[in-house]
Amino acid sequence: QLQLVQSGGGLVQSGGSLKLSCGTSGFPLDYYAIAWFHQAPGKERERVACITRTGDDRIYEDSVKDRFIIFRDYGENMAYLEMNSLQPEDTGIYYCAAHNTIHQPNWCPQREEQYDIWGLGTQVTVSS
């Protein structure tokens, strides 16, 4: 079964930084658009960042723009979310997700249900 393997996260003070990592259970990420979703306590899961298969385009939710950076390393077969200037509202579980876009190299799916492969999530807690 294809799965994404996440690491990173933890507890950080407001204004701090964290880096989340997303690898695979043994398949290449080259053909996949990668997204990070955030689920705040008691709220729906929402996409906060996405990077296309080619890496040419990155999309950010307004709430994280200029603070978070999504990037990928093809050689390491990994994707990352660098989170800076963290605020208490960034607290929650972060999931990486992938969608095969071999025929649509510059597309980042918007909706959660469009993503085929998911990580188990990692907790991020930002204290004030």
# chains A, B, ... in the order shown; residues from 1 in each chain; ligands from 1

call {"tool": "residues_around", "arguments": {"residues": "range 4-8 of chain A", "least_positions_apart": "3", "cutoff": "7 Å", "atoms": "only C-alpha atoms", "output": "compact mmCIF listing (two decimals) with N, CA, C and O atoms, in the first residue's frame"}}
result
# COMPACT_ATOMS: atom_id res chain seq x y z
N LYS A 19 10.24 22.39 10.88
CA LYS A 19 10.31 21.85 9.52
C LYS A 19 9.69 20.46 9.52
O LYS A 19 10.10 19.60 10.31
N LEU A 20 8.72 20.28 8.65
CA LEU A 20 8.08 18.98 8.50
C LEU A 20 8.62 18.28 7.27
O LEU A 20 8.88 18.93 6.25
N SER A 21 8.77 16.97 7.36
CA SER A 21 9.29 16.19 6.25
C SER A 21 8.26 15.15 5.81
O SER A 21 7.48 14.65 6.63
N CYS A 22 8.30 14.84 4.52
CA CYS A 22 7.36 13.87 3.95
C CYS A 22 8.11 12.98 2.97
O CYS A 22 8.60 13.48 1.95
N GLY A 23 8.22 11.70 3.28
CA GLY A 23 8.83 10.73 2.39
C GLY A 23 7.81 9.69 1.99
O GLY A 23 6.60 9.89 2.15
N THR A 24 8.29 8.59 1.45
CA THR A 24 7.34 7.56 0.97
C THR A 24 7.66 6.19 1.55
O THR A 24 8.70 5.97 2.13
N SER A 25 6.73 5.29 1.33
CA SER A 25 6.89 3.90 1.77
C SER A 25 7.67 3.09 0.75
O SER A 25 7.76 1.86 0.89
N ILE A 117 -2.94 9.69 -1.79
CA ILE A 117 -2.02 9.09 -0.83
C ILE A 117 -1.79 10.09 0.30
O ILE A 117 -1.53 11.27 0.04
N TRP A 118 -1.83 9.58 1.54
CA TRP A 118 -1.72 10.44 2.71
C TRP A 118 -0.71 9.92 3.71
O TRP A 118 -0.47 8.72 3.81
N GLY A 119 -0.14 10.87 4.44
CA GLY A 119 0.63 10.52 5.61
C GLY A 119 -0.29 10.41 6.82
O GLY A 119 -1.49 10.75 6.73
N GLY A 121 -0.02 12.05 9.57
CA GLY A 121 -0.15 13.30 10.30
C GLY A 121 0.89 13.45 11.38
O GLY A 121 1.40 12.47 11.93
N THR A 122 1.21 14.70 11.65
CA THR A 122 2.15 15.02 12.71
C THR A 122 1.63 16.24 13.48
O THR A 122 1.12 17.18 12.88

call {"tool": "residues_around", "arguments": {"residues": "Leu81 in chain A", "least_positions_apart": "4", "cutoff": "10 Å", "atoms": "only C-alpha atoms", "output": "ChimeraX atom specification"}}
result
/A:8,18-22,35-36,48-50,68-72,94,96

call {"tool": "write_last_selection", "arguments": {"atoms": "C-alpha atoms", "output": "compact mmCIF listing (two decimals), in the first residue's frame"}}
result
# COMPACT_ATOMS: atom_id res chain seq x y z
CA GLY A 8 9.04 16.62 12.27
CA LEU A 18 9.61 24.00 12.55
CA LYS A 19 10.31 21.85 9.52
CA LEU A 20 8.08 18.98 8.50
CA SER A 21 9.29 16.19 6.25
CA CYS A 22 7.36 13.87 3.95
CA ALA A 35 0.32 19.24 -0.56
CA TRP A 36 0.32 19.95 3.13
CA VAL A 48 -2.17 25.26 3.31
CA ALA A 49 0.47 24.66 0.65
CA CYS A 50 1.00 22.71 -2.54
CA PHE A 68 5.65 28.84 5.22
CA ILE A 69 7.74 27.41 2.41
CA ILE A 70 6.96 24.17 0.61
CA PHE A 71 9.74 22.53 -1.34
CA ARG A 72 10.82 19.15 -2.60
CA TYR A 94 -0.35 18.52 9.61
CA CYS A 96 1.18 15.58 3.64

call {"tool": "closest_residue", "arguments": {"among": "A:Asp73, A:Arg53, A:Gln114, A:His103", "to": "Tyr32 in chain A", "atoms": "only C-alpha atoms"}}
result
A:Arg53

call {"tool": "closest_residue", "arguments": {"among": "A:Tyr115, A:Ser128, A:Asp56, A:Ile51", "to": "Tyr80 in chain A", "atoms": "only C-alpha atoms"}}
result
A:Ile51

call {"tool": "closest_residue", "arguments": {"among": "A:Leu86, A:Ile59, A:Ala79, A:Val64", "to": "Ser127 in chain A", "atoms": "only C-alpha atoms"}}
result
A:Leu86

call {"tool": "select_by_dssp", "arguments": {"residues": "range 62-105 of chain A", "states": "strand (DSSP E)", "output": "number ranges by chain"}}
result
A: 68-73, 78-83, 92-100

call {"tool": "atom_distance", "arguments": {"atom1": "CA of Gly55 in chain A", "atom2": "CA of Glu113 in chain A"}}
result
21.6 Å

call {"tool": "residues_around", "arguments": {"residues": "Asp90 in chain A", "least_positions_apart": "6", "cutoff": "9 Å", "atoms": "only C-alpha atoms", "output": "JSON, numbers by chain"}}
result
{"A": [38, 40, 64, 124, 125, 126]}

call {"tool": "closest_residue", "arguments": {"among": "A:Glu89, A:Asp30, A:Asp116, A:Asp57", "to": "Gln3 in chain A", "atoms": "only C-alpha atoms"}}
result
A:Asp116

call {"tool": "atom_distance", "arguments": {"atom1": "CA of Ala98 in chain A", "atom2": "CA of Gly15 in chain A"}}
result
28.8 Å

call {"tool": "select_by_dssp", "arguments": {"residues": "chain A", "states": "helix (DSSP H, G or I)", "output": "VMD selection string"}}
result
chain A and resid 88 to 90 112 to 114

call {"tool": "residues_around", "arguments": {"residues": "Arg67 in chain A", "least_positions_apart": "2", "cutoff": "10 Å", "atoms": "only C-alpha atoms", "output": "ChimeraX atom specification"}}
result
/A:17,60,62-65,69,82-86

call {"tool": "closest_residue", "arguments": {"among": "A:Gln123, A:Gln104, A:Thr52, A:Gln1", "to": "Thr91 in chain A", "atoms": "only C-alpha atoms"}}
result
A:Gln123

call {"tool": "atom_distance", "arguments": {"atom1": "CA of Met78 in chain A", "atom2": "CA of Gly42 in chain A"}}
result
29.4 Å

call {"tool": "residues_around", "arguments": {"residues": "Gln39 in chain A", "least_positions_apart": "4", "cutoff": "7 Å", "atoms": "only C-alpha atoms", "output": "ChimeraX atom specification"}}
result
/A:43-46,92-94

call {"tool": "write_last_selection", "arguments": {"atoms": "all heavy atoms", "output": "compact mmCIF listing (two decimals), in the first residue's frame"}}
result
# COMPACT_ATOMS: atom_id res chain seq x y z
N LYS A 43 -11.70 21.58 13.84
CA LYS A 43 -11.98 22.18 12.54
C LYS A 43 -11.72 21.19 11.41
O LYS A 43 -11.14 20.13 11.59
CB LYS A 43 -11.14 23.45 12.35
CG LYS A 43 -11.49 24.55 13.33
CD LYS A 43 -10.85 25.86 12.92
CE LYS A 43 -11.29 26.97 13.87
NZ LYS A 43 -10.68 28.27 13.50
N GLU A 44 -12.20 21.59 10.23
CA GLU A 44 -11.99 20.78 9.04
C GLU A 44 -10.51 20.86 8.60
O GLU A 44 -9.82 21.84 8.89
CB GLU A 44 -12.86 21.32 7.90
CG GLU A 44 -14.34 21.32 8.20
CD GLU A 44 -15.00 20.06 7.71
OE1 GLU A 44 -14.63 19.57 6.62
OE2 GLU A 44 -15.89 19.56 8.40
N ARG A 45 -10.10 19.86 7.90
CA ARG A 45 -8.76 19.86 7.34
C ARG A 45 -8.73 20.78 6.13
O ARG A 45 -9.64 20.71 5.28
CB ARG A 45 -8.40 18.42 6.94
CG ARG A 45 -6.96 18.17 6.67
CD ARG A 45 -6.59 16.70 6.85
NE ARG A 45 -7.38 15.79 6.06
CZ ARG A 45 -7.20 14.46 6.09
NH1 ARG A 45 -6.26 13.94 6.88
NH2 ARG A 45 -7.95 13.68 5.36
N GLU A 46 -7.69 21.62 6.02
CA GLU A 46 -7.60 22.51 4.88
C GLU A 46 -6.19 22.50 4.32
O GLU A 46 -5.20 22.34 5.04
CB GLU A 46 -7.99 23.95 5.27
CG GLU A 46 -7.04 24.62 6.23
CD GLU A 46 -7.27 26.13 6.35
OE1 GLU A 46 -8.18 26.66 5.71
OE2 GLU A 46 -6.51 26.76 7.10
N GLY A 92 -2.09 22.30 15.42
CA GLY A 92 -2.96 21.28 14.84
C GLY A 92 -2.15 20.13 14.27
O GLY A 92 -0.95 20.03 14.50
N ILE A 93 -2.83 19.28 13.55
CA ILE A 93 -2.17 18.15 12.90
C ILE A 93 -1.93 18.52 11.44
O ILE A 93 -2.83 19.03 10.76
CB ILE A 93 -3.03 16.89 13.00
CG1 ILE A 93 -3.30 16.55 14.47
CG2 ILE A 93 -2.31 15.72 12.31
CD1 ILE A 93 -4.25 15.39 14.67
N TYR A 94 -0.72 18.24 10.99
CA TYR A 94 -0.35 18.52 9.61
C TYR A 94 -0.18 17.19 8.85
O TYR A 94 0.50 16.28 9.35
CB TYR A 94 0.94 19.33 9.56
CG TYR A 94 0.72 20.77 9.93
CD1 TYR A 94 0.57 21.14 11.27
CD2 TYR A 94 0.61 21.75 8.95
CE1 TYR A 94 0.33 22.46 11.61
CE2 TYR A 94 0.37 23.08 9.30
CZ TYR A 94 0.23 23.42 10.62
OH TYR A 94 -0.01 24.73 10.96

call {"tool": "decode", "arguments": {"residues": "range 5-128 of chain A", "atoms": "C-alpha atoms", "output": "PDB file, in the first residue's frame"}}
result
ATOM      1  CA  VAL A   5       5.886   8.860   5.869  1.00  0.00           C
ATOM      2  CA  GLN A   6       6.016  12.029   7.905  1.00  0.00           C
ATOM      3  CA  SER A   7       8.447  13.358  10.471  1.00  0.00           C
ATOM      4  CA  GLY A   8       9.040  16.616  12.267  1.00  0.00           C
ATOM      5  CA  GLY A   9       6.582  18.651  14.246  1.00  0.00           C
ATOM      6  CA  GLY A  10       6.481  19.147  17.988  1.00  0.00           C
ATOM      7  CA  LEU A  11       6.103  21.989  20.444  1.00  0.00           C
ATOM      8  CA  VAL A  12       7.418  25.457  19.715  1.00  0.00           C
ATOM      9  CA  GLN A  13       6.922  28.936  21.132  1.00  0.00           C
ATOM     10  CA  SER A  14       5.104  31.623  19.209  1.00  0.00           C
ATOM     11  CA  GLY A  15       7.433  33.132  16.624  1.00  0.00           C
ATOM     12  CA  GLY A  16       9.456  29.963  16.336  1.00  0.00           C
ATOM     13  CA  SER A  17      10.083  27.652  13.402  1.00  0.00           C
ATOM     14  CA  LEU A  18       9.608  23.999  12.554  1.00  0.00           C
ATOM     15  CA  LYS A  19      10.309  21.854   9.523  1.00  0.00           C
ATOM     16  CA  LEU A  20       8.075  18.978   8.501  1.00  0.00           C
ATOM     17  CA  SER A  21       9.289  16.185   6.249  1.00  0.00           C
ATOM     18  CA  CYS A  22       7.358  13.873   3.951  1.00  0.00           C
ATOM     19  CA  GLY A  23       8.832  10.729   2.391  1.00  0.00           C
ATOM     20  CA  THR A  24       7.341   7.565   0.973  1.00  0.00           C
ATOM     21  CA  SER A  25       6.893   3.904   1.775  1.00  0.00           C
ATOM     22  CA  GLY A  26       9.036   3.035  -1.249  1.00  0.00           C
ATOM     23  CA  PHE A  27       7.713   4.723  -4.379  1.00  0.00           C
ATOM     24  CA  PRO A  28       9.040   7.793  -6.211  1.00  0.00           C
ATOM     25  CA  LEU A  29       7.402  11.157  -5.654  1.00  0.00           C
ATOM     26  CA  ASP A  30       8.459  12.434  -9.068  1.00  0.00           C
ATOM     27  CA  TYR A  31       5.018  12.096 -10.653  1.00  0.00           C
ATOM     28  CA  TYR A  32       3.068  13.562  -7.783  1.00  0.00           C
ATOM     29  CA  ALA A  33       1.896  16.980  -6.742  1.00  0.00           C
ATOM     30  CA  ILE A  34       2.466  17.305  -3.002  1.00  0.00           C
ATOM     31  CA  ALA A  35       0.323  19.240  -0.561  1.00  0.00           C
ATOM     32  CA  TRP A  36       0.318  19.951   3.134  1.00  0.00           C
ATOM     33  CA  PHE A  37      -2.982  20.083   4.979  1.00  0.00           C
ATOM     34  CA  HIS A  38      -3.636  21.553   8.394  1.00  0.00           C
ATOM     35  CA  GLN A  39      -6.346  20.397  10.750  1.00  0.00           C
ATOM     36  CA  ALA A  40      -6.820  22.714  13.694  1.00  0.00           C
ATOM     37  CA  PRO A  41      -8.559  21.336  16.800  1.00  0.00           C
ATOM     38  CA  GLY A  42     -12.267  20.966  16.116  1.00  0.00           C
ATOM     39  CA  LYS A  43     -11.980  22.183  12.540  1.00  0.00           C
ATOM     40  CA  GLU A  44     -11.987  20.776   9.038  1.00  0.00           C
ATOM     41  CA  ARG A  45      -8.756  19.857   7.338  1.00  0.00           C
ATOM     42  CA  GLU A  46      -7.598  22.515   4.885  1.00  0.00           C
ATOM     43  CA  ARG A  47      -4.833  22.730   2.356  1.00  0.00           C
ATOM     44  CA  VAL A  48      -2.169  25.264   3.313  1.00  0.00           C
ATOM     45  CA  ALA A  49       0.468  24.664   0.649  1.00  0.00           C
ATOM     46  CA  CYS A  50       0.995  22.711  -2.540  1.00  0.00           C
ATOM     47  CA  ILE A  51       3.879  22.184  -4.944  1.00  0.00           C
ATOM     48  CA  THR A  52       3.428  20.876  -8.458  1.00  0.00           C
ATOM     49  CA  ARG A  53       5.081  17.772  -9.824  1.00  0.00           C
ATOM     50  CA  THR A  54       7.641  19.881 -11.647  1.00  0.00           C
ATOM     51  CA  GLY A  55       8.288  22.083  -8.646  1.00  0.00           C
ATOM     52  CA  ASP A  56       7.716  25.126 -10.833  1.00  0.00           C
ATOM     53  CA  ASP A  57       4.637  26.323  -8.990  1.00  0.00           C
ATOM     54  CA  ARG A  58       3.814  26.637  -5.322  1.00  0.00           C
ATOM     55  CA  ILE A  59       0.475  27.657  -3.896  1.00  0.00           C
ATOM     56  CA  TYR A  60      -0.116  28.929  -0.384  1.00  0.00           C
ATOM     57  CA  GLU A  61      -3.193  29.633   1.678  1.00  0.00           C
ATOM     58  CA  ASP A  62      -3.310  33.308   2.623  1.00  0.00           C
ATOM     59  CA  SER A  63      -2.900  32.499   6.315  1.00  0.00           C
ATOM     60  CA  VAL A  64       0.562  31.010   5.767  1.00  0.00           C
ATOM     61  CA  LYS A  65       1.808  33.022   2.815  1.00  0.00           C
ATOM     62  CA  ASP A  66       5.200  34.625   3.502  1.00  0.00           C
ATOM     63  CA  ARG A  67       5.668  32.393   6.558  1.00  0.00           C
ATOM     64  CA  PHE A  68       5.647  28.835   5.217  1.00  0.00           C
ATOM     65  CA  ILE A  69       7.744  27.414   2.414  1.00  0.00           C
ATOM     66  CA  ILE A  70       6.955  24.168   0.605  1.00  0.00           C
ATOM     67  CA  PHE A  71       9.743  22.527  -1.340  1.00  0.00           C
ATOM     68  CA  ARG A  72      10.824  19.154  -2.598  1.00  0.00           C
ATOM     69  CA  ASP A  73      14.083  17.317  -3.119  1.00  0.00           C
ATOM     70  CA  TYR A  74      13.904  14.899  -6.034  1.00  0.00           C
ATOM     71  CA  GLY A  75      17.248  13.308  -5.199  1.00  0.00           C
ATOM     72  CA  GLU A  76      16.151  12.494  -1.666  1.00  0.00           C
ATOM     73  CA  ASN A  77      12.576  11.696  -2.754  1.00  0.00           C
ATOM     74  CA  MET A  78      11.261  14.007  -0.077  1.00  0.00           C
ATOM     75  CA  ALA A  79       8.971  16.985   0.344  1.00  0.00           C
ATOM     76  CA  TYR A  80       9.160  19.531   3.123  1.00  0.00           C
ATOM     77  CA  LEU A  81       7.204  22.285   4.794  1.00  0.00           C
ATOM     78  CA  GLU A  82       9.305  24.911   6.481  1.00  0.00           C
ATOM     79  CA  MET A  83       7.161  26.847   8.942  1.00  0.00           C
ATOM     80  CA  ASN A  84       8.374  30.187  10.252  1.00  0.00           C
ATOM     81  CA  SER A  85       6.888  32.863  12.505  1.00  0.00           C
ATOM     82  CA  LEU A  86       4.561  30.260  13.944  1.00  0.00           C
ATOM     83  CA  GLN A  87       1.463  31.447  15.759  1.00  0.00           C
ATOM     84  CA  PRO A  88      -0.902  29.642  18.149  1.00  0.00           C
ATOM     85  CA  GLU A  89      -3.493  29.375  15.368  1.00  0.00           C
ATOM     86  CA  ASP A  90      -1.034  27.198  13.441  1.00  0.00           C
ATOM     87  CA  THR A  91      -1.506  24.528  16.092  1.00  0.00           C
ATOM     88  CA  GLY A  92      -2.961  21.278  14.845  1.00  0.00           C
ATOM     89  CA  ILE A  93      -2.172  18.154  12.898  1.00  0.00           C
ATOM     90  CA  TYR A  94      -0.350  18.516   9.609  1.00  0.00           C
ATOM     91  CA  TYR A  95      -0.741  15.961   6.868  1.00  0.00           C
ATOM     92  CA  CYS A  96       1.180  15.580   3.643  1.00  0.00           C
ATOM     93  CA  ALA A  97      -0.751  14.288   0.665  1.00  0.00           C
ATOM     94  CA  ALA A  98       0.068  13.347  -2.903  1.00  0.00           C
ATOM     95  CA  HIS A  99      -1.814  13.196  -6.175  1.00  0.00           C
ATOM     96  CA  ASN A 100      -0.468  11.676  -9.376  1.00  0.00           C
ATOM     97  CA  THR A 101      -0.263  14.454 -11.945  1.00  0.00           C
ATOM     98  CA  ILE A 102       1.846  12.732 -14.578  1.00  0.00           C
ATOM     99  CA  HIS A 103      -0.412  14.158 -17.299  1.00  0.00           C
ATOM    100  CA  GLN A 104      -0.898  17.540 -15.584  1.00  0.00           C
ATOM    101  CA  PRO A 105       2.584  18.547 -14.460  1.00  0.00           C
ATOM    102  CA  ASN A 106       1.671  22.088 -13.440  1.00  0.00           C
ATOM    103  CA  TRP A 107      -1.499  21.332 -11.491  1.00  0.00           C
ATOM    104  CA  CYS A 108      -2.080  21.348  -7.768  1.00  0.00           C
ATOM    105  CA  PRO A 109      -5.412  19.815  -6.732  1.00  0.00           C
ATOM    106  CA  GLN A 110      -7.439  22.020  -4.456  1.00  0.00           C
ATOM    107  CA  ARG A 111      -9.715  19.581  -2.683  1.00  0.00           C
ATOM    108  CA  GLU A 112      -8.833  17.031  -0.053  1.00  0.00           C
ATOM    109  CA  GLU A 113     -10.695  14.243  -1.841  1.00  0.00           C
ATOM    110  CA  GLN A 114      -8.498  14.699  -4.906  1.00  0.00           C
ATOM    111  CA  TYR A 115      -5.444  13.427  -3.070  1.00  0.00           C
ATOM    112  CA  ASP A 116      -4.817   9.709  -3.287  1.00  0.00           C
ATOM    113  CA  ILE A 117      -2.022   9.091  -0.825  1.00  0.00           C
ATOM    114  CA  TRP A 118      -1.723  10.441   2.709  1.00  0.00           C
ATOM    115  CA  GLY A 119       0.628  10.517   5.614  1.00  0.00           C
ATOM    116  CA  LEU A 120      -0.558   9.734   9.120  1.00  0.00           C
ATOM    117  CA  GLY A 121      -0.153  13.300  10.297  1.00  0.00           C
ATOM    118  CA  THR A 122       2.153  15.023  12.712  1.00  0.00           C
ATOM    119  CA  GLN A 123       1.240  17.252  15.635  1.00  0.00           C
ATOM    120  CA  VAL A 124       2.389  20.862  15.754  1.00  0.00           C
ATOM    121  CA  THR A 125       1.708  22.846  18.914  1.00  0.00           C
ATOM    122  CA  VAL A 126       2.520  26.545  19.156  1.00  0.00           C
ATOM    123  CA  SER A 127       2.432  28.046  22.622  1.00  0.00           C
ATOM    124  CA  SER A 128       1.736  31.730  23.179  1.00  0.00           C
TER     125      SER A 128
END
